Amino acid sequence: MANGHLKAFTLRLMSGTPPRVLTVAGSDSGGGAGIQADLKTMLALGVYGMSVICAVTAQNSLGVHGYWELPPEAVRAQLDAVLSDIGVDAVKTGMLASVAAVEAVADAVASTGDPARTWVRAPLVVDPVAVSTHGDSLLSPGALEAIRERLLPLATVITPNLGEATLLTGVRVADEAGMIKAAETLRSLGPQWVLVKGGHLPGQPVDVLFDGEHMHRFTGPRLPDQNTHGTGCTLASAIASYLALGEDVPDAVVKAKQYVTGAIRSAFPVGAGTGPVNHGWRMRHTYGHATGGTDVTSTDVTSTDVTSTDITTNTDVTRSTDVSG
C-alpha cells in the first residue's frame with residue numbers, strides 16, 4: 001500500500017469511518033449481479049459502498065432482456081460527485097458498456113494521483129465484464145478495445161474469466177497451461193496483477209494470479225452451480241473491499257474467494273433460472289420464519305479452505321479460516 005494511502009486509511013480508522021469503495025458498473029434489475037451485488041458484498045465485508053451506474057439492464061434469473069447505456073455526461077457527473085467529496089480507498093469496475101464510459105472512468109482514475117485532488121491514489125480492480133452469466137453481450141462495439149488500451153494499464157488487479165481472457169488476448173484457454181499463458185499475456189498489457197478465473201474448466205477449480213514475477217495458484221472445492229449468478233461481480237467487489245481494508249493482493253484474493261465460496265454454498269433459488277449467490281450469508285439471518293419453512297441459517301457454512309501455491313517457487317501456503325462469523 002502506498003504511504004499516502006496507508007496514512008489516510010489509518011486516520012479514517014481512527015475516526016471510525018469505514019474504508020470507502022466505489023463500484024462503477026451496470027444495474028441488474030434482478031438484484032443478483034452488477035451494482036446490486038457489489039453493494040451487498042461491500043456491506044457484508046464492512047466497507048462503505050458507493051456506486052456509479054454506467055448502464056441499466058432489464059434482467060432476471062433467465063437472462064438479460066435488454067440494456068441501456070447512460071450518457072457519458074451522466075457517468076462523469078457521478079464520478080465527479082463521489083470523488084470530489086467523499087473520496088475512495090478502492091475502485092472496482094464491472095459492466096462499463098460503452099467506449100465513452102470506459103474513457104470517463106480511465107480519466108477519473110488516472111487523475112486520482114493528481115496532487116491538486118483531495119483524495120489519494122486508490123487500488124483499481126477491473127472486472128472486464130463482456131458477457132453475462134446467461135451468455136448475453138454487455139459491451140458496445142469498441143468497448144473491449146478501450147478497456148484493453150485505457151483501463152488495464154491503470155489496474156491494480158484484473159479478474160477475467162476464461163472467455164474474457166480469450167477476448168482480451170486472443171489466447172484460447174482450455175486448460176491450466178492456457179490460463180498461465182493468458183495471465184502472462186494480460187500482464188504485458190499493463191495491470192500490476194492478473195487473476196484468471198478457471199471455474200468453468202472441468203475438475204477442481206483453479207485460479208491463477210500473476211504479477212510479472214510470481215505465479216500463484218489458488219484451488220478450492222467444486223460446488224453446485226445452480227445458483228451462481230453474480231459470482232464474478234461478487235469476487236471482484238470482495239477483492240476491492242479487502243484491498244481497501246489494507247490487505248495485499250494475494251491475501252485479498254484468498255479472503256475474497258473464501259467469502260464467495262460461502263456465498264455459493266448458502267445460495268438460494270430465486271426465479272425460474274440461475275439464482276444469485278447469498279451475499280449476506282455471514283450475517284446469520286434466519287430465512288425460515290419468513291416463509292413458514294425449515295429454518296436455514298448461514299451457520300450451516302462453517303469454514304472454507306482456499307489453498308494458495310506460489311508455483312514460481314513451489315511454495316504452498318494454505319489459508320483456512322472460520323468464515324461463519
# chains A, B, ... in the order shown; residues from 1 in each chain; ligands from 1
>>> residues_around(residues="Ala110 of chain A", least_positions_apart="5", cutoff="9 Å", atoms="only C-alpha atoms", output="VMD selection string")
chain A and resid 105 121 154
>>> residues_around(residues="segment 181-189 of chain A", least_positions_apart="4", cutoff="9 Å", atoms="only C-alpha atoms", output="ChimeraX atom specification")
/A:148-149,152-153,158,162,165-166,168-173,176-177,193-196,208-212,215
>>> closest_residue(among="A:Gly163, A:Gly199, A:Pro250, A:Pro224", to="Ser266 of chain A", atoms="only C-alpha atoms")
A:Pro224
>>> closest_atom_pairs(of="segment 66-183 of chain A", to="segment 15-34 of chain A", cutoff="7 Å", atoms="only C-alpha atoms", output="Markdown table")
| residue | atom | partner | partner_atom | distance |
| --- | --- | --- | --- | --- |
| A:Val88 | CA | A:Arg20 | CA | 5.0 |
| A:Asp89 | CA | A:Arg20 | CA | 5.1 |
| A:Ala90 | CA | A:Val21 | CA | 4.9 |
| A:Val91 | CA | A:Leu22 | CA | 4.8 |
| A:Lys92 | CA | A:Thr23 | CA | 4.8 |
| A:Thr93 | CA | A:Val24 | CA | 4.7 |
| A:Gly94 | CA | A:Ala25 | CA | 4.5 |
| A:Met95 | CA | A:Ala25 | CA | 4.6 |
| A:Leu96 | CA | A:Ala25 | CA | 5.5 |
>>> closest_residue(among="A:Gln59, A:Thr234, A:Asn278, A:Thr261", to="Val125 of chain A", atoms="only C-alpha atoms")
A:Thr234
>>> closest_residue(among="A:Gln258, A:Thr231, A:Ser51, A:Ser241", to="Ala122 of chain A", atoms="only C-alpha atoms")
A:Ser241
>>> closest_residue(among="A:Val109, A:Val306, A:Val270, A:Val277", to="Leu62 of chain A", atoms="only C-alpha atoms")
A:Val270
>>> closest_residue(among="A:His214, A:Glu69, A:Gly142, A:Ala238", to="Thr159 of chain A", atoms="only C-alpha atoms")
A:Ala238
>>> residues_around(residues="Ala44 of chain A", least_positions_apart="2", cutoff="7 Å", atoms="only C-alpha atoms", output="VMD selection string")
chain A and resid 40 to 42 46 279 to 280
>>> write_last_selection(atoms="N, CA and C atoms", output="PDB file, in the first residue's frame")
ATOM      1  N   LYS A  40     -24.010  -5.135  -1.976  1.00  0.00           N
ATOM      2  CA  LYS A  40     -24.283  -6.148  -0.954  1.00  0.00           C
ATOM      3  C   LYS A  40     -22.978  -6.726  -0.413  1.00  0.00           C
ATOM      4  N   THR A  41     -22.051  -6.985  -1.314  1.00  0.00           N
ATOM      5  CA  THR A  41     -20.744  -7.522  -0.900  1.00  0.00           C
ATOM      6  C   THR A  41     -20.014  -6.541  -0.002  1.00  0.00           C
ATOM      7  N   MET A  42     -20.000  -5.288  -0.391  1.00  0.00           N
ATOM      8  CA  MET A  42     -19.297  -4.274   0.389  1.00  0.00           C
ATOM      9  C   MET A  42     -19.891  -4.136   1.785  1.00  0.00           C
ATOM     10  N   GLY A  46     -17.920  -4.947   5.465  1.00  0.00           N
ATOM     11  CA  GLY A  46     -17.633  -3.875   6.400  1.00  0.00           C
ATOM     12  C   GLY A  46     -17.029  -2.624   5.822  1.00  0.00           C
ATOM     13  N   HIS A 279     -25.209 -13.136  -0.666  1.00  0.00           N
ATOM     14  CA  HIS A 279     -24.226 -12.151  -0.215  1.00  0.00           C
ATOM     15  C   HIS A 279     -24.250 -11.946   1.294  1.00  0.00           C
ATOM     16  N   GLY A 280     -25.383 -12.181   1.921  1.00  0.00           N
ATOM     17  CA  GLY A 280     -25.496 -11.927   3.345  1.00  0.00           C
ATOM     18  C   GLY A 280     -25.308 -13.148   4.220  1.00  0.00           C
TER      19      GLY A 280
END
>>> select_by_dssp(residues="segment 112-234 of chain A", states="alpha helix (DSSP H)", output="ChimeraX atom specification")
/A:143-146,162-169,176-187,231-234
>>> write_last_selection(atoms="C-alpha atoms", output="compact mmCIF listing (two decimals), in the first residue's frame")
# COMPACT_ATOMS: atom_id res chain seq x y z
CA ALA A 143 -15.61 -1.01 -25.62
CA LEU A 144 -13.44 -4.10 -25.16
CA GLU A 145 -10.59 -2.44 -27.04
CA ALA A 146 -10.99 0.67 -24.89
CA LEU A 162 -11.81 -17.76 -19.33
CA GLY A 163 -13.99 -16.19 -22.00
CA GLU A 164 -12.92 -12.66 -21.13
CA ALA A 165 -9.25 -13.68 -21.07
CA THR A 166 -9.66 -15.09 -24.57
CA LEU A 167 -11.42 -11.95 -25.83
CA LEU A 168 -8.71 -9.70 -24.41
CA THR A 169 -5.70 -11.73 -25.56
CA GLU A 176 -4.42 -24.56 -16.75
CA ALA A 177 -1.47 -24.13 -19.08
CA GLY A 178 -3.64 -21.85 -21.21
CA MET A 179 -4.62 -19.88 -18.12
CA ILE A 180 -0.97 -19.28 -17.27
CA LYS A 181 -0.22 -18.16 -20.83
CA ALA A 182 -3.23 -15.83 -20.80
CA ALA A 183 -2.14 -14.37 -17.44
CA GLU A 184 1.33 -13.65 -18.82
CA THR A 185 -0.12 -12.03 -21.94
CA LEU A 186 -2.57 -9.92 -19.95
CA ARG A 187 0.19 -8.81 -17.56
CA THR A 231 -20.13 -14.66 -8.75
CA GLY A 232 -17.72 -12.62 -10.88
CA CYS A 233 -19.07 -9.27 -9.67
CA THR A 234 -19.04 -10.51 -6.10
>>> atom_distance(atom1="atom CA of Gly66 of chain A", atom2="atom CA of Ser137 of chain A")
10.0 Å
